[in-house]
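Source file: start39.cif. Holds: mmCIF, C-alpha atoms.
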```cif
data_data
loop_
_atom_site.label_atom_id
_atom_site.label_comp_id
_atom_site.auth_asym_id
_atom_site.auth_seq_id
_atom_site.Cartn_x
_atom_site.Cartn_y
_atom_site.Cartn_z
CA VAL A 1 3.02 195.31 -51.22
CA SER A 2 5.02 197.39 -48.75
CA GLN A 3 6.30 194.37 -46.85
CA SER A 4 7.26 192.37 -49.92
CA ARG A 5 9.04 195.28 -51.60
CA TYR A 6 12.08 194.89 -49.42
CA SER A 7 11.82 191.49 -47.76
CA ASN A 8 11.36 188.11 -49.36
CA ALA A 9 10.42 186.31 -46.18
CA VAL A 10 8.22 187.27 -43.26
CA ASP A 11 8.76 185.43 -39.98
CA PHE A 12 5.69 183.37 -39.14
CA THR A 13 7.25 181.52 -36.24
CA MET A 14 4.66 179.29 -34.67
CA GLN A 15 3.49 180.61 -31.33
CA ALA A 16 1.67 178.70 -28.63
CA ASN A 17 -1.67 179.93 -29.95
CA GLY A 18 -0.80 179.43 -33.62
CA ILE A 19 0.12 181.89 -36.36
CA THR A 20 -1.21 185.42 -36.11
CA ILE A 21 -1.29 187.86 -39.04
CA GLY A 22 -1.24 191.54 -38.14
CA ALA A 23 0.28 191.14 -34.72
CA GLU A 24 3.53 190.14 -33.09
CA ASN A 25 3.49 189.42 -29.39
CA THR A 26 1.98 192.61 -27.94
CA ASN A 27 2.44 194.69 -31.12
CA ILE A 28 -0.81 194.87 -33.06
CA TRP A 29 -1.34 196.41 -36.50
CA ARG A 30 -4.24 198.86 -36.30
CA GLY A 31 -5.17 199.55 -39.90
CA LYS A 32 -6.56 198.04 -43.06
CA ALA A 33 -4.97 195.11 -44.87
CA PRO A 34 -6.92 194.83 -48.13
CA GLU A 35 -5.21 191.64 -49.26
CA ILE A 36 -2.76 189.13 -47.82
CA ILE A 37 -1.09 186.44 -49.93
CA LEU A 38 0.76 183.58 -48.20
CA TYR A 39 3.11 180.97 -49.65
CA ASN A 40 4.64 177.91 -48.04
CA ARG A 41 8.10 178.72 -49.42
CA VAL A 42 10.37 181.64 -50.21
CA LEU A 43 9.58 183.12 -53.63
CA SER A 44 12.20 183.83 -56.27
CA THR A 45 12.89 187.42 -57.26
CA THR A 46 10.81 187.04 -60.43
CA GLU A 47 7.94 185.44 -58.54
CA ARG A 48 7.98 188.20 -55.97
CA GLN A 49 7.85 190.80 -58.76
CA GLN A 50 4.87 188.97 -60.29
CA VAL A 51 2.98 189.13 -57.00
CA ASN A 52 3.96 192.74 -56.39
CA THR A 53 2.83 193.69 -59.90
CA TYR A 54 -0.58 192.14 -59.33
CA LEU A 55 -0.99 194.04 -56.06
CA ALA A 56 0.41 197.32 -57.41
CA ILE A 57 -1.97 197.40 -60.38
CA LYS A 58 -4.91 196.45 -58.20
CA TYR A 59 -4.21 199.08 -55.54
CA GLY A 60 -2.41 201.83 -57.51
CA VAL A 61 0.98 201.50 -55.81
CA THR A 62 4.29 202.51 -57.44
CA LEU A 63 6.84 199.68 -57.23
CA PRO A 64 10.62 200.05 -56.89
CA HIS A 65 11.17 197.49 -59.67
CA ASN A 66 9.81 196.39 -63.05
CA TYR A 67 6.19 195.38 -63.48
CA VAL A 68 6.14 191.76 -64.65
CA GLY A 69 3.29 189.76 -66.16
CA PRO A 70 1.95 186.53 -64.66
CA ASP A 71 4.09 184.47 -67.06
CA GLY A 72 7.21 185.85 -65.39
CA THR A 73 8.72 187.10 -68.67
CA THR A 74 6.39 189.75 -70.12
CA LEU A 75 7.63 193.20 -69.12
CA LEU A 76 4.59 195.40 -68.51
CA TRP A 77 6.54 198.46 -67.32
CA ASP A 78 10.32 198.84 -67.51
CA LYS A 79 11.55 200.89 -64.56
CA ILE A 80 14.94 201.58 -66.19
CA VAL A 81 13.69 202.52 -69.66
CA ASN A 82 10.93 204.63 -68.11
CA ALA A 83 13.07 206.03 -65.29
CA THR A 84 12.05 209.64 -65.99
CA TYR A 85 8.39 208.63 -65.80
CA HIS A 86 8.57 206.17 -62.93
CA ASN A 87 6.38 208.30 -60.67
CA ASN A 88 2.77 207.67 -59.61
CA VAL A 89 2.58 204.51 -61.73
CA PHE A 90 -0.88 203.02 -62.15
CA GLY A 91 -3.00 201.30 -64.76
CA ILE A 92 -5.81 199.04 -65.83
CA ALA A 93 -5.50 195.36 -66.63
CA LYS A 94 -7.13 192.00 -67.14
CA SER A 95 -5.47 188.72 -66.25
CA SER A 96 -7.71 185.70 -65.80
CA LEU A 97 -4.78 183.69 -64.46
CA GLN A 98 -4.42 186.11 -61.53
CA ASP A 99 -8.14 186.85 -61.24
CA LEU A 100 -7.24 190.49 -61.90
CA HIS A 101 -9.71 192.79 -63.64
CA GLN A 102 -8.86 196.42 -62.97
CA ARG A 103 -11.34 198.31 -65.15
CA GLN A 104 -10.43 201.77 -63.86
CA SER A 105 -7.61 203.12 -61.80
CA LYS A 106 -5.82 206.01 -60.14
CA SER A 107 -2.51 205.98 -58.32
CA ILE A 108 -2.78 206.21 -54.53
CA GLU A 109 0.42 208.27 -54.41
CA SER A 110 0.01 211.81 -53.10
CA LYS A 111 0.99 213.53 -56.37
CA SER A 112 -1.27 211.52 -58.66
CA MET A 113 -3.67 213.39 -60.97
CA LEU A 114 -5.17 211.16 -63.64
CA THR A 115 -7.98 208.64 -63.44
CA ILE A 116 -8.36 206.12 -66.28
CA GLY A 117 -11.45 204.09 -67.10
CA ASN A 118 -11.83 201.41 -69.75
CA ASN A 119 -14.44 201.67 -72.51
CA ASP A 120 -14.73 205.45 -71.95
CA ILE A 121 -16.32 204.87 -68.52
CA ILE A 122 -15.22 205.84 -65.03
CA ALA A 123 -17.74 204.43 -62.58
CA THR A 124 -18.04 204.92 -58.85
CA THR A 125 -16.42 201.52 -58.21
CA ASN A 126 -14.36 198.93 -60.07
CA ALA A 127 -17.18 196.39 -59.88
CA SER A 128 -18.43 194.48 -62.90
CA GLY A 129 -21.68 195.57 -64.48
CA ASN A 130 -20.55 199.12 -65.32
CA ASN A 131 -20.03 198.26 -68.99
CA ASN A 132 -16.29 198.88 -68.78
CA ASP A 133 -14.97 195.33 -68.73
CA ILE A 134 -11.69 194.77 -70.58
CA ALA A 135 -12.49 192.40 -73.45
CA THR A 136 -9.07 190.89 -74.16
CA ASP A 137 -7.31 188.77 -71.56
CA ASN A 138 -3.69 189.49 -70.65
CA SER A 139 -4.07 193.17 -71.54
CA TYR A 140 -2.51 196.03 -69.60
CA LEU A 141 -2.25 199.81 -69.83
CA LEU A 142 0.26 201.29 -67.37
CA LEU A 143 1.20 204.95 -67.00
CA GLY A 144 3.69 207.00 -65.00
CA ASP A 145 4.57 210.70 -65.01
CA ASN A 146 7.72 212.86 -65.03
CA ASN A 147 6.88 214.46 -61.68
CA GLY A 148 6.64 217.84 -63.41
CA PRO A 149 4.79 220.79 -61.90
CA ASN A 150 1.05 221.17 -62.40
CA THR A 151 1.48 224.28 -64.57
CA PHE A 152 1.47 225.22 -68.23
CA ASN A 153 4.65 226.22 -70.04
CA TYR A 154 3.66 229.62 -71.46
CA ALA A 155 7.25 230.34 -72.55
CA VAL A 156 7.23 227.81 -75.41
CA ALA A 157 4.37 227.19 -77.85
CA GLY A 158 4.00 224.29 -80.23
CA ASN A 159 1.23 223.77 -82.79
CA ASN A 160 -0.24 227.07 -81.57
CA LYS A 161 -0.71 225.52 -78.14
CA TYR A 162 0.86 225.72 -74.70
CA HIS A 163 1.48 222.41 -72.97
CA PHE A 164 1.30 221.18 -69.42
CA ASN A 165 4.65 220.66 -67.68
CA LYS A 166 3.63 217.30 -66.25
CA ILE A 167 3.92 214.59 -68.91
CA TRP A 168 2.83 210.96 -68.69
CA LYS A 169 4.26 207.98 -70.52
CA LEU A 170 2.25 204.82 -71.13
CA ASN A 171 2.90 201.24 -72.07
CA GLU A 172 0.19 199.04 -73.53
CA THR A 173 0.44 195.26 -73.54
CA GLY A 174 -2.23 193.31 -75.37
CA THR A 175 -5.32 195.27 -76.40
CA ILE A 176 -7.11 197.77 -74.21
CA GLY A 177 -8.98 200.04 -76.64
CA SER A 178 -10.58 203.39 -75.93
CA VAL A 179 -10.40 204.80 -72.40
CA LYS A 180 -11.62 207.85 -70.53
CA ILE A 181 -8.95 210.08 -68.99
CA SER A 182 -10.04 212.44 -66.22
CA VAL A 183 -8.15 215.23 -64.45
CA PRO A 184 -9.41 217.48 -61.61
CA GLY A 185 -10.10 221.07 -62.65
CA TYR A 186 -8.41 224.01 -60.95
CA THR A 187 -11.43 224.70 -58.68
CA ASN A 188 -11.82 221.07 -57.60
CA THR A 189 -11.54 220.67 -53.83
CA SER A 190 -11.58 216.86 -53.67
CA SER A 191 -7.95 216.56 -54.81
CA ASN A 192 -4.72 218.30 -53.83
CA GLN A 193 -3.43 217.77 -57.36
CA VAL A 194 -5.40 219.83 -59.88
CA ILE A 195 -4.69 221.22 -63.31
CA ALA A 196 -3.55 224.86 -63.22
CA ASP A 197 -6.01 227.64 -63.96
CA PHE A 198 -5.68 228.32 -67.69
CA ASN A 199 -7.96 231.35 -67.70
CA THR A 200 -4.97 233.58 -68.41
CA PRO A 201 -4.11 236.16 -71.12
CA TYR A 202 -1.78 233.60 -72.68
CA ALA A 203 -4.57 231.17 -73.51
CA ALA A 204 -7.09 231.82 -76.24
CA THR A 205 -10.69 232.63 -75.42
CA PRO A 206 -12.95 230.77 -75.01
CA ASN A 207 -10.68 228.57 -72.92
CA LYS A 208 -10.41 224.99 -74.11
CA LEU A 209 -8.42 222.09 -72.70
CA TYR A 210 -7.01 219.33 -74.90
CA LEU A 211 -5.52 215.92 -74.29
CA ALA A 212 -2.26 215.84 -76.26
CA MET A 213 -0.72 212.56 -77.46
CA ASP A 214 2.79 212.52 -78.91
CA ASP A 215 5.26 210.02 -80.34
CA ASP A 216 8.50 211.25 -78.73
CA GLY A 217 7.55 213.47 -75.80
CA ASN A 218 8.43 216.69 -77.64
CA PHE A 219 5.10 218.39 -78.17
CA THR A 220 6.55 221.17 -80.34
CA ASN A 221 8.12 219.27 -83.27
CA GLY A 222 5.04 217.72 -84.87
CA GLY A 223 3.56 214.26 -84.45
CA THR A 224 1.05 215.40 -81.83
CA ILE A 225 -2.66 214.56 -81.87
CA TYR A 226 -5.12 216.64 -79.83
CA VAL A 227 -8.48 215.58 -78.42
CA LEU A 228 -10.78 218.23 -77.00
CA ALA A 229 -11.64 217.59 -73.34
CA THR A 230 -15.07 218.15 -71.85
CA ALA A 231 -15.68 220.03 -68.61
CA VAL A 232 -17.76 217.92 -66.22
CA GLY A 233 -19.31 219.52 -63.16
CA SER A 234 -18.24 222.90 -61.86
CA GLY A 235 -16.66 224.57 -58.89
CA ALA A 236 -15.61 222.09 -56.23
CA THR A 237 -16.39 219.07 -58.43
CA LEU A 238 -14.95 220.30 -61.75
CA THR A 239 -13.11 217.71 -63.83
CA TYR A 240 -11.99 217.59 -67.45
CA GLU A 241 -12.47 214.36 -69.36
CA ALA A 242 -11.27 213.12 -72.74
CA THR A 243 -11.62 209.79 -74.51
CA ALA A 244 -8.90 208.24 -76.64
CA ASP A 245 -7.37 204.94 -77.69
CA LEU A 246 -4.00 205.24 -75.98
CA SER A 247 -1.28 203.16 -77.60
CA ASN A 248 2.47 202.73 -77.84
CA THR A 249 2.59 204.59 -81.16
CA LYS A 250 2.05 207.83 -79.24
CA PRO A 251 3.03 206.88 -75.72
CA PHE A 252 3.44 210.40 -74.28
CA ILE A 253 0.39 212.34 -73.13
CA THR A 254 -0.23 215.67 -71.46
CA TRP A 255 -2.71 218.55 -71.51
CA ALA A 256 -2.70 221.66 -73.69
CA VAL A 257 -4.50 224.97 -74.25
CA ASP A 258 -4.79 227.12 -77.37
CA GLN A 259 -2.22 229.88 -77.68
CA ASN A 260 -3.61 233.42 -77.68
CA ILE A 261 -2.53 234.75 -81.06
CA THR A 262 -4.72 237.85 -80.92
CA ASP A 263 -3.23 241.28 -81.62
CA THR A 264 -4.61 242.66 -78.38
CA ASP A 265 -3.33 246.23 -78.83
CA SER A 266 -3.54 246.50 -82.66
CA ASP A 267 0.21 247.07 -82.99
CA GLY A 268 0.71 244.34 -85.53
CA ASN A 269 2.30 242.00 -82.94
CA LEU A 270 0.51 238.93 -81.67
CA PHE A 271 0.17 238.37 -77.94
CA THR A 272 3.23 236.62 -76.58
CA MET A 273 4.60 236.00 -73.13
CA SER A 274 7.04 238.70 -72.03
#
```

How does the structure come out when it is put into structure tokens?
Amino acid sequence: VSQSRYSNAVDFTMQANGITIGAENTNIWRGKAPEIILYNRVLSTTERQQVNTYLAIKYGVTLPHNYVGPDGTTLLWDKIVNATYHNNVFGIAKSSLQDLHQRQSKSIESKSMLTIGNNDIIATTNASGNNNDIATDNSYLLLGDNNGPNTFNYAVAGNNKYHFNKIWKLNETGTIGSVKISVPGYTNTSSNQVIADFNTPYAATPNKLYLAMDDDGNFTNGGTIYVLATAVGSGATLTYEATADLSNTKPFITWAVDQNITDTDSDGNLFTMS
């Protein structure tokens, strides 16, 4: 993907010993190349975007252009329309034409947080046989985030809840159905991007985490649906997981905690952030 982002043609000048991939004269690439696709001609811009889209979805890479379906016309993710959310883009997909079946996914970018798995399942690998195949061909679910901080906004409450500052936007093409969404808990040591500790005076007790889904990205003006997340594991392996049928009717998602509305000092005033 990296090479084809910026160059439409790689020089494969025939050498005396033939064509070599991963080396040029005495310069040798020492690293992994998970997939190499070769053509016998220069691709058009649209064709290059089709190939890049396939690779980006498969390997969780954020592209510098639109994500385009294998037909060359279906727009799976519009970089301009979703400019605010064009960070850490990733998704799941099924395209028989491209032999693509990404049942679960997470962005490889350093600030990624979410993991998504089809059919409410996140397995150890993307292999078939985990009961999370995508049933409908030519179906995609892509997400990107606003690059917000991994903290809760305790200054503004909506629906008696405080919301996470990082917000994701999704785009569904075709039919995906219910998915599992997982985020590392604040004590998780396997990720450098974890949800902030919400065991604070501002959050109600007992502490609960919700997946919030909204129609316009404003989680304080109504139109928000909440799904209670489940804590899985503890300590260094803590994650929070929720299941939902994500769709374009409520394309904005984030996390939320209950607002503490207790009169903690019996003065007739509810607890609020000072």

Q: Work out how far atom CA of Tyr240 of chain A is from atom CA of Gly185 of chain A, in Å to one decimal.
A: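 Here the two named atoms are 6.2 Å from each other.
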
Q.
Using only C-alpha atoms, list the residues that have an atom at most 9 Å from (-4.9, 206.2, -76.9), coordinates as in the file, as number ranges by chain.
A. A: 177-179, 213, 243-251, 253

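Of the residues listed (A:Phe252, A:Tyr140, A:Trp77, A:Tyr67), A:Tyr140 shows the shortest atom-to-atom separation from Ser105 of chain A; distances use all atoms listed in the file.
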
(Q) Between atom CA of Lys166 of chain A and atom CA of Asp214 of chain A, what distance in Å does the model show, to one decimal? (A)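 Separation of atom CA of Lys166 of chain A and atom CA of Asp214 of chain A: 13.6 Å.
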
Show me, as JSON lines, the residues of segment 125-186 of chain A having an atom within 10 Å of segment 254-261 of chain A, each with the closest atom pair and its distance in Å, using all atoms listed in the file.
```
{"residue": "A:Asp145", "atom": "CA", "partner": "A:Thr254", "partner_atom": "CA", "distance": 9.5}
{"residue": "A:Thr151", "atom": "CA", "partner": "A:Trp255", "partner_atom": "CA", "distance": 9.9}
{"residue": "A:Phe152", "atom": "CA", "partner": "A:Ala256", "partner_atom": "CA", "distance": 7.7}
{"residue": "A:Asn153", "atom": "CA", "partner": "A:Ala256", "partner_atom": "CA", "distance": 9.4}
{"residue": "A:Tyr154", "atom": "CA", "partner": "A:Gln259", "partner_atom": "CA", "distance": 8.6}
{"residue": "A:Val156", "atom": "CA", "partner": "A:Gln259", "partner_atom": "CA", "distance": 9.9}
{"residue": "A:Ala157", "atom": "CA", "partner": "A:Gln259", "partner_atom": "CA", "distance": 7.1}
{"residue": "A:Gly158", "atom": "CA", "partner": "A:Gln259", "partner_atom": "CA", "distance": 8.7}
{"residue": "A:Asn159", "atom": "CA", "partner": "A:Gln259", "partner_atom": "CA", "distance": 8.7}
{"residue": "A:Asn160", "atom": "CA", "partner": "A:Gln259", "partner_atom": "CA", "distance": 5.2}
{"residue": "A:Lys161", "atom": "CA", "partner": "A:Asp258", "partner_atom": "CA", "distance": 4.4}
{"residue": "A:Tyr162", "atom": "CA", "partner": "A:Val257", "partner_atom": "CA", "distance": 5.4}
{"residue": "A:His163", "atom": "CA", "partner": "A:Ala256", "partner_atom": "CA", "distance": 4.3}
{"residue": "A:Phe164", "atom": "CA", "partner": "A:Trp255", "partner_atom": "CA", "distance": 5.2}
{"residue": "A:Asn165", "atom": "CA", "partner": "A:Thr254", "partner_atom": "CA", "distance": 7.9}
{"residue": "A:Lys166", "atom": "CA", "partner": "A:Thr254", "partner_atom": "CA", "distance": 6.7}
{"residue": "A:Ile167", "atom": "CA", "partner": "A:Thr254", "partner_atom": "CA", "distance": 5.0}
{"residue": "A:Trp168", "atom": "CA", "partner": "A:Thr254", "partner_atom": "CA", "distance": 6.3}
{"residue": "A:Lys169", "atom": "CA", "partner": "A:Thr254", "partner_atom": "CA", "distance": 9.0}
{"residue": "A:Val183", "atom": "CA", "partner": "A:Trp255", "partner_atom": "CA", "distance": 9.5}
```

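The residue set within 12 Å of Asn188 of chain A, counting only C-alpha atoms and dropping same-chain residues fewer than 3 places from it, reads Met113, Val183, Pro184, Gly185, Ser191, Asn192, Gln193, Val194, Ile195, Ala196, Asp197, Ala231, Val232, Gly233, Ser234, Gly235, Ala236, Thr237, Leu238, Thr239 and Tyr240 of chain A.
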
Result set of the PyMOL selection byres ((chain A and resi 34-46) around 8) on the coordinates above, as a CSV table (one decimal) with C-alpha atoms, in the frame of the given file:
```csv
chain,number,residue,atom,x,y,z
A,8,ASN,CA,11.4,188.1,-49.4
A,9,ALA,CA,10.4,186.3,-46.2
A,32,LYS,CA,-6.6,198.0,-43.1
A,33,ALA,CA,-5.0,195.1,-44.9
A,47,GLU,CA,7.9,185.4,-58.5
A,48,ARG,CA,8.0,188.2,-56.0
A,49,GLN,CA,7.8,190.8,-58.8
A,50,GLN,CA,4.9,189.0,-60.3
A,68,VAL,CA,6.1,191.8,-64.6
A,72,GLY,CA,7.2,185.8,-65.4
```

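Comparing the minimum interatomic distances between Thr124 of chain A and each of A:Thr189, A:Ser139, A:Gln104, A:Asn147, counting only C-alpha atoms, we find that A:Gln104 sits nearest.
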
Q: Could you tell me which of A:Leu211, A:Arg103, A:Asn218, A:Lys111 comes closest to Asn130 of chain A if we count only C-alpha atoms?
A: A:Arg103

Q: Please return, as a list of chain:residue names, all polymer residues that have at least one atom within 9 Å of the point (10.5, 197.4, -64.7); use only C-alpha atoms and the file's own coordinate frame.
A: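 Taken together, the residues in range are A:Leu63, A:Pro64, A:His65, A:Asn66, A:Tyr67, A:Val68, A:Leu75, A:Leu76, A:Trp77, A:Asp78, A:Lys79, A:Ile80, A:Val81, A:Asn82.
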
Can you write just those residues out, C-alpha atoms, as a compact mmCIF listing (two decimals), in the frame of the given file?
```txt
# COMPACT_ATOMS: atom_id res chain seq x y z
CA LEU A 63 6.84 199.68 -57.23
CA PRO A 64 10.62 200.05 -56.89
CA HIS A 65 11.17 197.49 -59.67
CA ASN A 66 9.81 196.39 -63.05
CA TYR A 67 6.19 195.38 -63.48
CA VAL A 68 6.14 191.76 -64.65
CA LEU A 75 7.63 193.20 -69.12
CA LEU A 76 4.59 195.40 -68.51
CA TRP A 77 6.54 198.46 -67.32
CA ASP A 78 10.32 198.84 -67.51
CA LYS A 79 11.55 200.89 -64.56
CA ILE A 80 14.94 201.58 -66.19
CA VAL A 81 13.69 202.52 -69.66
CA ASN A 82 10.93 204.63 -68.11
```

Q: In Å, rounded to a single decimal, give me how far atom CA of Asn131 of chain A is from atom CA of Thr230 of chain A.
A: 20.7 Å
